[in-house]
Amino acid sequence: MTKEKHITVGCDIGGAHLKVARAEDGRIVEALTLATPIWHGLDRLTAAIREALPLFEGSGLNAFTMTGELSDIFPSREAGISTLLQMISEHFPGEAHIYAGRAGFVSPDRAVSLAMDVASANWHASAALVAKLTGDALFVDMGSTTTDILVTQGSVVANDGYTDAERLLTGELVYTGFTRSALIGVASSAPVRGRMTPLMNEYFASIADAHRILGVLNEADDKQPAADGQAKTVDGSIARIARMVGRDRSDLTTPEWRELAGWFSEQQLRTVHDAAFRVAGKLAAKPDAPLVGAGIGRPQLKRLAERLERRFIDFADLIPATEESSSEASSAAPAAALAILACDLPKKS
């Protein structure tokens with residue numbers, strides 16, 4: 001007689017992306033990330049949910065976290081959480097558990113009264129799993145928009161801040177990501193043929209353009225339109241970056257544009273490094289503690305590990321996952337972490 005598989009699904013409802021991971025008997029077998037720019041309307045989220053529903057087939061227990069409550073479509077975080085909880089009850093099958101970070105898993109009804117614990121707690125889920133699997137580590141997750149930096153010690157998350165406001169102050173949250181960050185938010189000027197040029201204060205280009213020119217961007221990870229709505233090609237990215245410094249693509253050579261793209265990537269890395277250096281101070285006595293990297297920005301995080309002189313472990317290689325799903329699971333780390341952590345939750349009879 002074939003033993004029935006224990007299926008759990010983790011889901012991270014973001015303002016820009018919906019991330020879903022499916023675990024069977026505690027092992028990730030499938031994960032995906034879908035674009036959900038809910039600032040354009042909640043219909044973007046409902047469409048993505050419909051596309052993701054096959055991953056929920058046969059699952060009787062699903063775990064949810066969210067950052068979408070920050071979207072400016074909502075008047076407040078509390079209102080956003082209330083709306084997203086309602087959407088969870090309406091659109092997803094099976095038994096729902098909401099991840100409330102420091103408060104653990106709670107029912108949807110209780111989550112309403114724990115809004116400040118539920119709000120943007122996805123980082124805590126990923127870090128909690130890393131703590132469970134590694135003990136002492138510097139965990140860094142660079143997504144499309146933000147970078148989370150946490151220390152885990154003694155199998156627990158050793159965070160100093162909890163809310164977004166607190167974590168911005170501690171360096172545990174850096175508002176820069178591998179694709180969506182506007183270049184004007186990465187630097188205020190850039191060297192063009194040896195002269196520092198102030199940047200145009202416009203959303204002409206994103207950091208995805210720099211990483212595309214450098215050849216370190218997986219196009220499947222860039223799920224939002226380009227700043228100008230035009231082609232997401234190297235030439236298109238060069239044209240967008242050229243506008244940032246008041247020029248046309250033909251004004252410089254391709255190697256010069258590549259050098260400029262490298263400048264922007266370097267400025268982003270320096271910002272993340274400064275924050276990581278502060279946070280990693282807790283691990284000063286533990287130089288062997290690794291940097292565990294997750295998210296689509298892992299190419300940056302490998303460079304960060306070198307600068308911090310710590311060995312790099314990909315979240316994909318740390319978690320139980322099939323070879324086919326591990327990379328996507330790392331890109332959707334909070335969802336994957338929830339799917340694995342939820343395996344220990346008791347199911348209602």
# chains A, B, ... in the order shown; residues from 1 in each chain; ligands from 1
>>> select_by_dssp(residues="range 33-100 of chain A", states="alpha helix (DSSP H)", output="count of residues only")
25
>>> residues_around(residues="Glu328 in chain A", least_positions_apart="3", cutoff="7 Å", atoms="only C-alpha atoms", output="list of chain:residue names")
A:Ala31, A:Leu32, A:Ser325, A:Ser331, A:Ala332
>>> residues_around(residues="range 50-61 of chain A", least_positions_apart="4", cutoff="10 Å", atoms="only C-alpha atoms", output="count of residues only")
36
>>> residues_around(residues="Ser330 in chain A", least_positions_apart="3", cutoff="8 Å", atoms="only C-alpha atoms", output="JSON list (two decimals) with N, CA and C atoms, in the first residue's frame")
[["chain", "number", "residue", "atom", "x", "y", "z"],
["A", 294, "ALA", "N", 20.36, 33.93, -0.21],
["A", 294, "ALA", "CA", 19.11, 33.54, -0.88],
["A", 294, "ALA", "C", 18.64, 34.69, -1.74],
["A", 295, "GLY", "N", 17.66, 34.42, -2.60],
["A", 295, "GLY", "CA", 17.08, 35.45, -3.45],
["A", 295, "GLY", "C", 17.72, 35.51, -4.82],
["A", 296, "ILE", "N", 17.11, 36.30, -5.69],
["A", 296, "ILE", "CA", 17.64, 36.39, -7.06],
["A", 296, "ILE", "C", 18.96, 37.15, -7.11],
["A", 314, "ASP", "N", 24.73, 28.60, -0.57],
["A", 314, "ASP", "CA", 23.47, 28.95, -1.22],
["A", 314, "ASP", "C", 22.33, 28.30, -0.44],
["A", 315, "PHE", "N", 21.30, 29.09, -0.16],
["A", 315, "PHE", "CA", 20.10, 28.57, 0.49],
["A", 315, "PHE", "C", 19.59, 27.33, -0.24],
["A", 316, "ALA", "N", 19.79, 27.30, -1.56],
["A", 316, "ALA", "CA", 19.36, 26.16, -2.38],
["A", 316, "ALA", "C", 20.06, 24.87, -1.98],
["A", 326, "SER", "N", 15.48, 23.51, -6.61],
["A", 326, "SER", "CA", 16.27, 24.15, -5.56],
["A", 326, "SER", "C", 16.59, 25.61, -5.85],
["A", 327, "SER", "N", 16.97, 25.94, -7.09],
["A", 327, "SER", "CA", 17.34, 27.31, -7.41],
["A", 327, "SER", "C", 16.14, 28.24, -7.29],
["A", 333, "ALA", "N", 12.76, 32.17, -1.21],
["A", 333, "ALA", "CA", 13.15, 31.60, 0.09],
["A", 333, "ALA", "C", 12.07, 31.65, 1.17],
["A", 336, "ALA", "N", 9.55, 28.89, 0.44],
["A", 336, "ALA", "CA", 10.15, 27.57, 0.65],
["A", 336, "ALA", "C", 10.32, 27.28, 2.13]]
>>> residues_around(residues="Ile149 in chain A", least_positions_apart="3", cutoff="12 Å", atoms="only C-alpha atoms", output="MDAnalysis selection string")
chainID A and resid 123:124 126:127 137:143 146 152 157:162 167:168 170:176 272:281 291:295 301 304
>>> closest_atom_pairs(of="range 8-51 of chain A", to="range 64-79 of chain A", cutoff="7 Å", atoms="only C-alpha atoms", output="tab-separated table")
residue	atom	partner	partner_atom	distance
A:Gly10	CA	A:Phe64	CA	6.0
A:Cys11	CA	A:Phe64	CA	4.8
A:Asp12	CA	A:Thr65	CA	4.9
A:Ile13	CA	A:Met66	CA	4.5
A:Gly14	CA	A:Gly68	CA	4.1
A:Gly15	CA	A:Gly68	CA	3.9
A:Trp39	CA	A:Ile73	CA	5.2
>>> residues_around(residues="Val234 in chain A", least_positions_apart="2", cutoff="12 Å", atoms="only C-alpha atoms", output="PDB file with N, CA, C and O atoms, in the first residue's frame")
ATOM      1  N   ALA A 208      18.428  46.432 -12.757  1.00  0.00           N
ATOM      2  CA  ALA A 208      18.374  45.272 -13.662  1.00  0.00           C
ATOM      3  C   ALA A 208      19.127  45.570 -14.952  1.00  0.00           C
ATOM      4  O   ALA A 208      19.759  44.684 -15.533  1.00  0.00           O
ATOM      5  N   ASP A 209      19.055  46.822 -15.407  1.00  0.00           N
ATOM      6  CA  ASP A 209      19.774  47.196 -16.630  1.00  0.00           C
ATOM      7  C   ASP A 209      21.273  47.034 -16.456  1.00  0.00           C
ATOM      8  O   ASP A 209      21.967  46.516 -17.338  1.00  0.00           O
ATOM      9  N   ALA A 210      21.790  47.466 -15.309  1.00  0.00           N
ATOM     10  CA  ALA A 210      23.226  47.314 -15.051  1.00  0.00           C
ATOM     11  C   ALA A 210      23.617  45.846 -15.009  1.00  0.00           C
ATOM     12  O   ALA A 210      24.624  45.435 -15.605  1.00  0.00           O
ATOM     13  N   HIS A 211      22.819  45.035 -14.328  1.00  0.00           N
ATOM     14  CA  HIS A 211      23.155  43.616 -14.207  1.00  0.00           C
ATOM     15  C   HIS A 211      22.969  42.873 -15.525  1.00  0.00           C
ATOM     16  O   HIS A 211      23.677  41.896 -15.795  1.00  0.00           O
ATOM     17  N   ARG A 212      22.054  43.356 -16.359  1.00  0.00           N
ATOM     18  CA  ARG A 212      21.903  42.748 -17.687  1.00  0.00           C
ATOM     19  C   ARG A 212      23.140  43.035 -18.545  1.00  0.00           C
ATOM     20  O   ARG A 212      23.670  42.140 -19.216  1.00  0.00           O
ATOM     21  N   ILE A 213      23.605  44.260 -18.515  1.00  0.00           N
ATOM     22  CA  ILE A 213      24.802  44.628 -19.283  1.00  0.00           C
ATOM     23  C   ILE A 213      26.013  43.832 -18.812  1.00  0.00           C
ATOM     24  O   ILE A 213      26.853  43.418 -19.615  1.00  0.00           O
ATOM     25  N   LEU A 214      26.089  43.587 -17.516  1.00  0.00           N
ATOM     26  CA  LEU A 214      27.222  42.847 -16.941  1.00  0.00           C
ATOM     27  C   LEU A 214      27.115  41.339 -17.166  1.00  0.00           C
ATOM     28  O   LEU A 214      28.071  40.603 -16.902  1.00  0.00           O
ATOM     29  N   GLY A 215      25.952  40.873 -17.600  1.00  0.00           N
ATOM     30  CA  GLY A 215      25.781  39.455 -17.885  1.00  0.00           C
ATOM     31  C   GLY A 215      25.549  38.589 -16.662  1.00  0.00           C
ATOM     32  O   GLY A 215      25.750  37.371 -16.723  1.00  0.00           O
ATOM     33  N   VAL A 216      25.111  39.192 -15.547  1.00  0.00           N
ATOM     34  CA  VAL A 216      24.896  38.413 -14.326  1.00  0.00           C
ATOM     35  C   VAL A 216      23.408  38.265 -13.998  1.00  0.00           C
ATOM     36  O   VAL A 216      23.051  37.701 -12.965  1.00  0.00           O
ATOM     37  N   LEU A 217      22.542  38.763 -14.876  1.00  0.00           N
ATOM     38  CA  LEU A 217      21.103  38.707 -14.645  1.00  0.00           C
ATOM     39  C   LEU A 217      20.471  37.538 -15.374  1.00  0.00           C
ATOM     40  O   LEU A 217      20.645  37.388 -16.589  1.00  0.00           O
ATOM     41  N   GLU A 219      17.375  36.386 -16.963  1.00  0.00           N
ATOM     42  CA  GLU A 219      16.213  37.129 -17.454  1.00  0.00           C
ATOM     43  C   GLU A 219      14.898  36.640 -16.838  1.00  0.00           C
ATOM     44  O   GLU A 219      13.946  37.412 -16.705  1.00  0.00           O
ATOM     45  N   ALA A 226      10.622  47.015 -18.228  1.00  0.00           N
ATOM     46  CA  ALA A 226      11.732  47.966 -18.163  1.00  0.00           C
ATOM     47  C   ALA A 226      11.183  49.359 -17.893  1.00  0.00           C
ATOM     48  O   ALA A 226       9.994  49.633 -18.106  1.00  0.00           O
ATOM     49  N   GLN A 230      10.411  49.387 -22.992  1.00  0.00           N
ATOM     50  CA  GLN A 230      10.999  48.869 -24.222  1.00  0.00           C
ATOM     51  C   GLN A 230      11.701  47.529 -23.975  1.00  0.00           C
ATOM     52  O   GLN A 230      11.610  46.956 -22.896  1.00  0.00           O
ATOM     53  N   ALA A 231      12.445  47.079 -24.968  1.00  0.00           N
ATOM     54  CA  ALA A 231      13.040  45.745 -24.941  1.00  0.00           C
ATOM     55  C   ALA A 231      14.026  45.571 -23.788  1.00  0.00           C
ATOM     56  O   ALA A 231      14.818  46.470 -23.493  1.00  0.00           O
ATOM     57  N   LYS A 232      13.955  44.399 -23.178  1.00  0.00           N
ATOM     58  CA  LYS A 232      14.903  44.070 -22.113  1.00  0.00           C
ATOM     59  C   LYS A 232      16.067  43.297 -22.735  1.00  0.00           C
ATOM     60  O   LYS A 232      16.217  42.095 -22.571  1.00  0.00           O
ATOM     61  N   GLY A 236      19.013  47.744 -25.173  1.00  0.00           N
ATOM     62  CA  GLY A 236      17.949  48.500 -24.530  1.00  0.00           C
ATOM     63  C   GLY A 236      18.383  49.023 -23.170  1.00  0.00           C
ATOM     64  O   GLY A 236      18.077  50.165 -22.798  1.00  0.00           O
ATOM     65  N   SER A 237      19.106  48.197 -22.429  1.00  0.00           N
ATOM     66  CA  SER A 237      19.590  48.608 -21.111  1.00  0.00           C
ATOM     67  C   SER A 237      20.628  49.718 -21.220  1.00  0.00           C
ATOM     68  O   SER A 237      20.651  50.654 -20.416  1.00  0.00           O
ATOM     69  N   ILE A 238      21.499  49.624 -22.223  1.00  0.00           N
ATOM     70  CA  ILE A 238      22.493  50.685 -22.430  1.00  0.00           C
ATOM     71  C   ILE A 238      21.800  52.006 -22.741  1.00  0.00           C
ATOM     72  O   ILE A 238      22.166  53.067 -22.215  1.00  0.00           O
ATOM     73  N   ALA A 239      20.759  51.962 -23.584  1.00  0.00           N
ATOM     74  CA  ALA A 239      20.028  53.184 -23.928  1.00  0.00           C
ATOM     75  C   ALA A 239      19.393  53.806 -22.690  1.00  0.00           C
ATOM     76  O   ALA A 239      19.394  55.037 -22.532  1.00  0.00           O
ATOM     77  N   ARG A 240      18.874  52.954 -21.795  1.00  0.00           N
ATOM     78  CA  ARG A 240      18.230  53.470 -20.576  1.00  0.00           C
ATOM     79  C   ARG A 240      19.262  54.085 -19.624  1.00  0.00           C
ATOM     80  O   ARG A 240      19.038  55.153 -19.044  1.00  0.00           O
ATOM     81  N   ILE A 241      20.397  53.411 -19.460  1.00  0.00           N
ATOM     82  CA  ILE A 241      21.440  53.954 -18.583  1.00  0.00           C
ATOM     83  C   ILE A 241      22.027  55.237 -19.174  1.00  0.00           C
ATOM     84  O   ILE A 241      22.363  56.181 -18.439  1.00  0.00           O
ATOM     85  N   ARG A 249      23.026  56.272 -26.511  1.00  0.00           N
ATOM     86  CA  ARG A 249      23.798  55.036 -26.540  1.00  0.00           C
ATOM     87  C   ARG A 249      25.072  55.181 -27.366  1.00  0.00           C
ATOM     88  O   ARG A 249      26.128  54.635 -27.043  1.00  0.00           O
ATOM     89  N   THR A 254      30.738  50.342 -26.179  1.00  0.00           N
ATOM     90  CA  THR A 254      30.135  49.285 -25.364  1.00  0.00           C
ATOM     91  C   THR A 254      30.968  48.982 -24.117  1.00  0.00           C
ATOM     92  O   THR A 254      30.410  48.838 -23.023  1.00  0.00           O
ATOM     93  N   TRP A 257      30.174  51.608 -21.557  1.00  0.00           N
ATOM     94  CA  TRP A 257      28.864  51.417 -20.922  1.00  0.00           C
ATOM     95  C   TRP A 257      28.920  50.274 -19.929  1.00  0.00           C
ATOM     96  O   TRP A 257      28.288  50.327 -18.856  1.00  0.00           O
ATOM     97  N   ARG A 258      29.663  49.241 -20.253  1.00  0.00           N
ATOM     98  CA  ARG A 258      29.808  48.123 -19.332  1.00  0.00           C
ATOM     99  C   ARG A 258      30.525  48.581 -18.051  1.00  0.00           C
ATOM    100  O   ARG A 258      30.165  48.179 -16.945  1.00  0.00           O
ATOM    101  N   ALA A 261      28.019  50.376 -15.990  1.00  0.00           N
ATOM    102  CA  ALA A 261      27.113  49.415 -15.348  1.00  0.00           C
ATOM    103  C   ALA A 261      27.786  48.801 -14.127  1.00  0.00           C
ATOM    104  O   ALA A 261      27.145  48.599 -13.076  1.00  0.00           O
TER     105      ALA A 261
END
>>> closest_residue(among="A:Ala128, A:Ala48, A:Val186, A:Leu150", to="Arg270 in chain A", atoms="only C-alpha atoms")
A:Val186
>>> closest_residue(among="A:Lys286, A:Arg102, A:Arg44, A:Arg247", to="Arg310 in chain A", atoms="only C-alpha atoms")
A:Lys286
>>> residues_around(residues="Lys132 in chain A", least_positions_apart="6", cutoff="12 Å", atoms="only C-alpha atoms", output="list in words")
Ala125, Ser126, Thr152, Gln153, Gly154, Ser155, Val156, Val157, Leu318, Ile319, Ala337, Ile340 and Leu341 of chain A
>>> write_last_selection(atoms="N, CA, C and O atoms", output="mmCIF file, in the first residue's frame")
data_model
loop_
_atom_site.group_PDB
_atom_site.id
_atom_site.type_symbol
_atom_site.label_atom_id
_atom_site.label_comp_id
_atom_site.auth_asym_id
_atom_site.auth_seq_id
_atom_site.Cartn_x
_atom_site.Cartn_y
_atom_site.Cartn_z
ATOM 1 N N ALA A 125 10.723 34.101 8.581
ATOM 2 C CA ALA A 125 10.509 32.693 8.234
ATOM 3 C C ALA A 125 11.769 32.090 7.634
ATOM 4 O O ALA A 125 12.214 31.002 8.038
ATOM 5 N N SER A 126 12.373 32.785 6.679
ATOM 6 C CA SER A 126 13.595 32.279 6.044
ATOM 7 C C SER A 126 14.726 32.158 7.056
ATOM 8 O O SER A 126 15.436 31.151 7.107
ATOM 9 N N THR A 152 21.963 34.485 12.751
ATOM 10 C CA THR A 152 21.349 33.398 13.512
ATOM 11 C C THR A 152 22.408 32.850 14.462
ATOM 12 O O THR A 152 23.563 32.676 14.084
ATOM 13 N N GLN A 153 21.998 32.634 15.703
ATOM 14 C CA GLN A 153 22.911 32.134 16.730
ATOM 15 C C GLN A 153 22.180 31.128 17.613
ATOM 16 O O GLN A 153 21.045 31.367 18.021
ATOM 17 N N GLY A 154 22.846 30.017 17.875
ATOM 18 C CA GLY A 154 22.240 29.027 18.750
ATOM 19 C C GLY A 154 20.892 28.554 18.262
ATOM 20 O O GLY A 154 19.965 28.341 19.054
ATOM 21 N N SER A 155 20.735 28.459 16.956
ATOM 22 C CA SER A 155 19.514 27.958 16.326
ATOM 23 C C SER A 155 18.319 28.889 16.463
ATOM 24 O O SER A 155 17.168 28.467 16.310
ATOM 25 N N VAL A 156 18.579 30.172 16.754
ATOM 26 C CA VAL A 156 17.492 31.151 16.797
ATOM 27 C C VAL A 156 17.898 32.377 15.978
ATOM 28 O O VAL A 156 19.084 32.610 15.729
ATOM 29 N N VAL A 157 16.911 33.167 15.589
ATOM 30 C CA VAL A 157 17.170 34.401 14.861
ATOM 31 C C VAL A 157 17.547 35.480 15.870
ATOM 32 O O VAL A 157 16.775 35.796 16.775
ATOM 33 N N LEU A 318 21.215 24.291 1.034
ATOM 34 C CA LEU A 318 21.006 24.057 2.463
ATOM 35 C C LEU A 318 19.705 23.330 2.750
ATOM 36 O O LEU A 318 19.631 22.488 3.644
ATOM 37 N N ILE A 319 18.672 23.640 1.971
ATOM 38 C CA ILE A 319 17.346 23.098 2.250
ATOM 39 C C ILE A 319 17.118 21.774 1.539
ATOM 40 O O ILE A 319 17.756 21.485 0.523
ATOM 41 N N ALA A 337 10.764 28.281 2.885
ATOM 42 C CA ALA A 337 10.938 28.096 4.324
ATOM 43 C C ALA A 337 9.616 27.766 4.995
ATOM 44 O O ALA A 337 9.536 26.873 5.844
ATOM 45 N N ILE A 340 8.487 24.175 4.409
ATOM 46 C CA ILE A 340 9.252 23.207 5.205
ATOM 47 C C ILE A 340 8.877 23.306 6.684
ATOM 48 O O ILE A 340 8.628 22.290 7.347
ATOM 49 N N LEU A 341 8.799 24.524 7.194
ATOM 50 C CA LEU A 341 8.454 24.711 8.612
ATOM 51 C C LEU A 341 7.044 24.211 8.911
ATOM 52 O O LEU A 341 6.754 23.711 9.992
#
>>> select_by_dssp(residues="range 187-289 of chain A", states="strand (DSSP E or B)", output="list in words")
Ser189, Ala190, Pro191, Val192, Arg195, Met196, Thr197, Pro198 and Ser206 of chain A
>>> closest_residue(among="A:Trp263, A:Pro255, A:Asp136, A:Gln224", to="Ala190 in chain A", atoms="only C-alpha atoms")
A:Trp263
>>> closest_residue(among="A:Asp117, A:Asp222, A:Glu259, A:Glu202", to="Gly297 in chain A", atoms="only C-alpha atoms")
A:Asp222
